[in-house]
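> The file below is final.cif, mmCIF, C-alpha atoms:
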data_target
#
loop_
_atom_site.label_atom_id
_atom_site.label_comp_id
_atom_site.auth_asym_id
_atom_site.auth_seq_id
_atom_site.Cartn_x
_atom_site.Cartn_y
_atom_site.Cartn_z
CA MET A 1276 53.01 -30.35 -0.99
CA GLN A 1277 53.54 -34.04 -1.66
CA VAL A 1278 52.39 -37.03 0.37
CA GLY A 1279 54.47 -40.19 0.31
CA THR A 1280 53.98 -43.68 1.62
CA LEU A 1281 56.52 -46.29 2.48
CA ASP A 1282 54.83 -49.24 0.79
CA HIS A 1283 52.97 -49.55 -2.52
CA ALA A 1284 50.51 -47.11 -4.07
CA GLY A 1285 46.90 -47.70 -3.12
CA GLY A 1286 43.73 -46.07 -1.89
CA LEU A 1287 45.49 -43.13 -0.26
CA GLN A 1288 47.11 -42.11 -3.54
CA ASP A 1289 43.75 -42.51 -5.32
CA ARG A 1290 42.02 -40.22 -2.81
CA LEU A 1291 44.82 -37.66 -2.92
CA ARG A 1292 44.68 -37.59 -6.71
CA GLN A 1293 40.95 -36.77 -6.44
CA VAL A 1294 41.75 -33.63 -4.43
CA GLU A 1295 44.74 -32.81 -6.64
CA VAL A 1296 47.47 -33.49 -4.09
CA SER A 1297 50.67 -34.95 -5.46
CA SER A 1298 51.59 -38.30 -3.95
CA PHE A 1299 54.08 -41.10 -4.38
CA ALA A 1300 54.85 -44.54 -2.99
CA LEU A 1301 58.33 -45.87 -2.27
CA GLY A 1302 57.39 -49.52 -2.87
CA SER A 1303 58.98 -50.81 0.32
CA GLU A 1304 56.68 -53.58 1.52
CA SER A 1305 59.45 -55.17 3.61
CA ARG A 1306 61.89 -53.84 6.20
CA TRP A 1307 64.70 -55.28 4.10
CA LEU A 1308 63.80 -52.70 1.43
CA TRP A 1309 64.01 -49.70 3.80
CA PRO A 1310 67.58 -48.79 2.76
CA ILE A 1311 66.49 -48.61 -0.89
CA ALA A 1312 63.42 -46.59 0.07
CA THR A 1313 65.64 -44.22 2.06
CA LEU A 1314 67.89 -43.62 -0.95
CA ARG A 1315 64.89 -43.16 -3.28
CA LEU A 1316 63.33 -40.66 -0.91
CA ALA A 1317 66.60 -38.75 -0.42
CA ALA A 1318 66.96 -38.46 -4.21
CA ARG A 1319 63.38 -37.20 -4.50
CA LEU A 1320 63.89 -34.66 -1.69
CA ARG A 1321 66.98 -33.30 -3.46
CA ARG A 1322 65.44 -33.40 -6.95
CA ASP A 1323 62.23 -31.64 -5.90
CA ARG A 1324 64.06 -29.28 -3.52
CA ILE A 1325 61.82 -30.21 -0.60
CA ASP A 1326 62.44 -27.91 2.38
CA VAL A 1327 60.30 -29.66 5.01
CA LEU A 1328 59.74 -33.36 5.60
CA HIS A 1329 57.05 -34.33 8.10
CA THR A 1330 56.88 -37.97 9.18
CA HIS A 1331 54.35 -40.07 11.07
CA LEU A 1332 54.75 -43.49 12.69
CA ILE A 1333 57.98 -45.31 13.37
CA GLU A 1334 58.71 -47.09 10.08
CA ALA A 1335 58.07 -44.09 7.86
CA SER A 1336 59.89 -41.85 10.34
CA LEU A 1337 63.06 -43.92 10.23
CA VAL A 1338 63.12 -43.97 6.44
CA GLY A 1339 62.00 -40.36 6.08
CA LEU A 1340 64.24 -38.81 8.71
CA PHE A 1341 67.33 -40.68 7.48
CA ALA A 1342 66.49 -39.59 3.93
CA ALA A 1343 66.13 -35.99 5.10
CA LYS A 1344 69.60 -36.15 6.66
CA LEU A 1345 71.08 -37.58 3.45
CA ALA A 1346 69.34 -34.95 1.31
CA ARG A 1347 70.20 -32.14 3.75
CA THR A 1348 66.54 -31.16 3.96
CA ARG A 1349 66.17 -27.94 5.95
CA LEU A 1350 63.60 -29.20 8.45
CA ALA A 1351 62.71 -32.76 9.46
CA ILE A 1352 59.64 -33.11 11.67
CA PHE A 1353 58.58 -36.21 13.61
CA THR A 1354 55.03 -36.44 14.95
CA GLY A 1355 54.67 -38.99 17.71
CA HIS A 1356 51.16 -40.40 17.60
CA HIS A 1357 52.20 -43.61 19.30
CA SER A 1358 55.33 -42.85 21.28
CA HIS A 1359 53.62 -42.62 24.67
CA GLU A 1360 52.72 -46.32 24.27
CA VAL A 1361 56.18 -47.55 23.25
CA PRO A 1362 57.68 -47.62 26.78
CA LEU A 1363 54.70 -49.73 27.93
CA HIS A 1364 55.53 -52.57 25.52
CA ASN A 1365 58.79 -53.42 27.31
CA LYS A 1366 60.56 -53.86 23.97
CA ARG A 1367 63.91 -52.17 24.40
CA LEU A 1368 64.82 -52.11 20.70
CA LEU A 1369 61.48 -50.55 19.72
CA PHE A 1370 61.90 -47.92 22.43
CA GLU A 1371 65.48 -47.09 21.40
CA VAL A 1372 64.60 -46.83 17.71
CA ASP A 1373 61.67 -44.51 18.43
CA ARG A 1374 63.82 -42.50 20.84
CA PHE A 1375 66.62 -42.23 18.25
CA ALA A 1376 64.18 -40.95 15.62
CA ALA A 1377 62.69 -38.38 18.00
CA CYS A 1378 65.79 -37.17 19.78
CA TRP A 1379 68.49 -37.42 17.12
CA LEU A 1380 67.09 -37.68 13.60
CA ALA A 1381 64.28 -35.11 13.85
CA ASP A 1382 64.90 -31.40 14.00
CA VAL A 1383 61.65 -30.97 15.91
CA VAL A 1384 59.12 -33.32 17.47
CA ILE A 1385 55.41 -32.57 17.47
CA ALA A 1386 53.53 -33.96 20.44
CA PRO A 1387 49.75 -34.02 19.92
CA SER A 1388 49.02 -34.07 23.67
CA ARG A 1389 50.59 -32.96 26.94
CA GLU A 1390 51.09 -36.61 27.87
CA MET A 1391 53.08 -37.15 24.67
CA ARG A 1392 55.16 -34.02 25.27
CA ASP A 1393 55.99 -35.17 28.79
CA THR A 1394 56.89 -38.65 27.51
CA PHE A 1395 59.27 -37.21 24.92
CA ILE A 1396 60.97 -35.03 27.53
CA ASN A 1397 60.90 -37.19 30.67
CA VAL A 1398 61.08 -40.73 29.25
CA TYR A 1399 62.82 -40.30 25.89
CA GLY A 1400 65.16 -37.57 27.06
CA CYS A 1401 64.39 -35.06 24.31
CA ARG A 1402 65.27 -31.47 25.07
CA ALA A 1403 62.18 -29.45 26.02
CA ASP A 1404 62.93 -26.89 23.28
CA HIS A 1405 63.00 -29.77 20.75
CA VAL A 1406 59.35 -30.75 21.42
CA GLU A 1407 56.38 -28.66 20.28
CA LEU A 1408 52.88 -29.28 21.63
CA ILE A 1409 50.16 -29.11 18.98
CA GLU A 1410 47.09 -30.70 20.51
CA HIS A 1411 44.74 -32.90 18.53
CA GLY A 1412 42.08 -30.20 18.36
CA ILE A 1413 39.16 -32.47 19.16
CA ASP A 1414 36.47 -30.90 21.32
CA LEU A 1415 35.99 -33.46 24.08
CA THR A 1416 33.21 -31.63 25.92
CA GLY A 1417 30.60 -33.72 24.09
CA PHE A 1418 32.22 -36.83 25.52
CA ASP A 1419 32.02 -35.87 29.20
CA PRO A 1420 31.16 -39.11 31.05
CA ASP A 1421 29.69 -37.15 33.97
CA ALA A 1422 27.19 -35.44 31.67
CA ALA A 1423 26.06 -38.66 29.98
CA SER A 1424 23.38 -41.00 31.24
CA GLY A 1425 24.52 -44.61 30.92
CA ALA A 1426 20.93 -45.89 30.68
CA GLU A 1427 20.04 -43.42 27.91
CA LEU A 1428 23.19 -44.26 25.97
CA ARG A 1429 22.60 -48.00 26.23
CA GLU A 1430 19.01 -47.58 25.05
CA GLU A 1431 20.10 -45.37 22.16
#
Show the structure stored in the file as structure tokens.

Amino acid sequence: MQVGTLDHAGGLQDRLRQVEVSSFALGSESRWLWPIATLRLAARLRRDRIDVLHTHLIEASLVGLFAAKLARTRLAIFTGHHSHEVPLHNKRLLFEVDRFAACWLADVVIAPSREMRDTFINVYGCRADHVELIEHGIDLTGFDPDAASGAELREE
């Protein structure tokens, strides 16, 4: 397993090194450098014979998923942590770019909630068999507003 970042190396790489996880940075601090980052990543995917690429967030997903196509990586995964918010911003280009990454560049989309899954299918137009639901896994029972006393919480 390797973890890569789009911009420069920093704290994430330091922490990963501490737990002996290989990491790299593509050095792309600007959108103008994304094409170079895409080519660098594609070369790395081919050189290291990476079978699965898993991307998060729109910028890294565009670079990563394009690189995976260039490198002919077996499986390109897009996790949409933010995609349910994109249609609310009323920015057509942002929506279309996110939609393109999810529906056309990724082999599979992971939705971390039912709301996200429904957004990918009903708003983005992804095929239902293209979207996998893997929920966040956070136990929300401790956050039940009906079970909490507002006065006690404020005092605490």
> Mind giving me the straight-line distance from atom CA of A:Ser1297 to atom CA of A:Met1276 in Å, one decimal?
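Between these atoms lies a distance of 6.8 Å.
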> Which distance in Å separates atom CA of A:Leu1301 and atom CA of A:Ala1342, to one decimal?
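Pair atom CA of A:Leu1301 / atom CA of A:Ala1342 returns 12.0 Å.
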> Residues of stretch 1319-1350 of chain A within 7 Å of stretch 1376-1393 of chain A: nearest atom pair and distance (Å, one decimal) for each, counting only C-alpha atoms, sorted by chain and number, as a Markdown table?

| residue | atom | partner | partner_atom | distance |
| --- | --- | --- | --- | --- |
| A:Ser1336 | CA | A:Ala1376 | CA | 6.9 |
| A:Leu1337 | CA | A:Ala1376 | CA | 6.3 |
| A:Leu1340 | CA | A:Leu1380 | CA | 5.8 |
| A:Phe1341 | CA | A:Leu1380 | CA | 6.8 |
| A:Leu1350 | CA | A:Asp1382 | CA | 6.1 |
> Atom CA of A:Val1338 to atom CA of A:Thr1313: how many Å, to one decimal?
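Atom CA of A:Thr1313 lies 5.1 Å from atom CA of A:Val1338.
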> Show which residues sit within 8 Å of stretch 1282-1284 of chain A, as a CSV table (one decimal) with C-alpha atoms, in the frame of the given file. Count all atoms listed in the file, and ignore same-chain residues fewer than 4 positions away.

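The file below, result_32.csv, is the result:
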chain,number,residue,atom,x,y,z
A,1288,GLN,CA,47.1,-42.1,-3.5
A,1299,PHE,CA,54.1,-41.1,-4.4
A,1300,ALA,CA,54.8,-44.5,-3.0
A,1301,LEU,CA,58.3,-45.9,-2.3
A,1302,GLY,CA,57.4,-49.5,-2.9
A,1303,SER,CA,59.0,-50.8,0.3
A,1304,GLU,CA,56.7,-53.6,1.5
> Name every residue that the PyMOL selection byres ((chain A and resi 1333) around 9) selects in this structure, writing the answer as a list of chain:residue names with chains first and numbers rising.
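Output of the PyMOL selection byres ((chain A and resi 1333) around 9): A:Thr1330, A:His1331, A:Leu1332, A:Glu1334, A:Ala1335, A:Ser1336, A:Leu1337, A:Val1338, A:Gly1355, A:His1357, A:Ser1358, A:Leu1369, A:Val1372, A:Asp1373, A:Ala1376.
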> Would you put the residues from that selection into a file with C-alpha atoms, as an mmCIF file, keeping the file's coordinate frame?

data_model
loop_
_atom_site.group_PDB
_atom_site.id
_atom_site.type_symbol
_atom_site.label_atom_id
_atom_site.label_comp_id
_atom_site.auth_asym_id
_atom_site.auth_seq_id
_atom_site.Cartn_x
_atom_site.Cartn_y
_atom_site.Cartn_z
ATOM 1 C CA THR A 1330 56.880 -37.970 9.180
ATOM 2 C CA HIS A 1331 54.350 -40.070 11.070
ATOM 3 C CA LEU A 1332 54.750 -43.490 12.690
ATOM 4 C CA GLU A 1334 58.710 -47.090 10.080
ATOM 5 C CA ALA A 1335 58.070 -44.090 7.860
ATOM 6 C CA SER A 1336 59.890 -41.850 10.340
ATOM 7 C CA LEU A 1337 63.060 -43.920 10.230
ATOM 8 C CA VAL A 1338 63.120 -43.970 6.440
ATOM 9 C CA GLY A 1355 54.670 -38.990 17.710
ATOM 10 C CA HIS A 1357 52.200 -43.610 19.300
ATOM 11 C CA SER A 1358 55.330 -42.850 21.280
ATOM 12 C CA LEU A 1369 61.480 -50.550 19.720
ATOM 13 C CA VAL A 1372 64.600 -46.830 17.710
ATOM 14 C CA ASP A 1373 61.670 -44.510 18.430
ATOM 15 C CA ALA A 1376 64.180 -40.950 15.620
#
> Mind checking which residues fall within 7 Å of A:Ala1346, counting all atoms listed in the file, ignoring those fewer than 4 positions away in the same chain, and posting them as a list in words?
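Within the cut-off, the hits are Ala1317, Ala1318, Leu1320, Arg1321 and Ala1342 of chain A.
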> Identify, on the basis of only C-alpha atoms, every residue whose closest approach to A:Val1361 does not exceed 10 Å; exclude the query and any residue fewer than 2 positions from it along the same chain; express the result as a list in words.
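The contact residues come out as His1357, Ser1358, His1359, Leu1363, His1364, Asn1365, Lys1366, Arg1367, Leu1369, Phe1370, Glu1371, Asp1373, Arg1374 and Thr1394 of chain A.
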> With distances taken over only C-alpha atoms, which residue among A:Leu1281, A:Gly1286, A:Arg1347, A:Tyr1399 lies nearest A:Ser1305?
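The closest residue to A:Ser1305 is A:Leu1281.
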> Between A:Arg1290, A:Pro1362, A:Thr1354, A:Glu1431, which one has atoms that come closest to A:Asn1397, using all atoms listed in the file?
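Using all atoms listed in the file, the shortest distance to A:Asn1397 belongs to A:Pro1362.
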> Might you pull out every residue within 7 Å of A:Leu1328, with only C-alpha atoms counted and same-chain residues fewer than 6 positions away left off, and present them as a CSV table (one decimal) with C-alpha atoms, keeping the file's coordinate frame?

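Result file out_36.csv:
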chain,number,residue,atom,x,y,z
A,1343,ALA,CA,66.1,-36.0,5.1
A,1350,LEU,CA,63.6,-29.2,8.4
A,1351,ALA,CA,62.7,-32.8,9.5
A,1352,ILE,CA,59.6,-33.1,11.7
> Could you list, as a list in words, every residue within 8 Å of A:Val1296, counting only C-alpha atoms and ignoring same-chain residues fewer than 2 positions away?
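Near A:Val1296, the qualifying residues are Met1276, Gln1277, Val1278, Leu1291, Arg1292, Gln1293, Val1294 and Ser1298 of chain A.
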> Considering only C-alpha atoms, state which residue in the set A:Gly1279, A:Ala1423, A:Phe1353, A:Arg1315 is at the smallest distance from A:Glu1407.
A:Phe1353
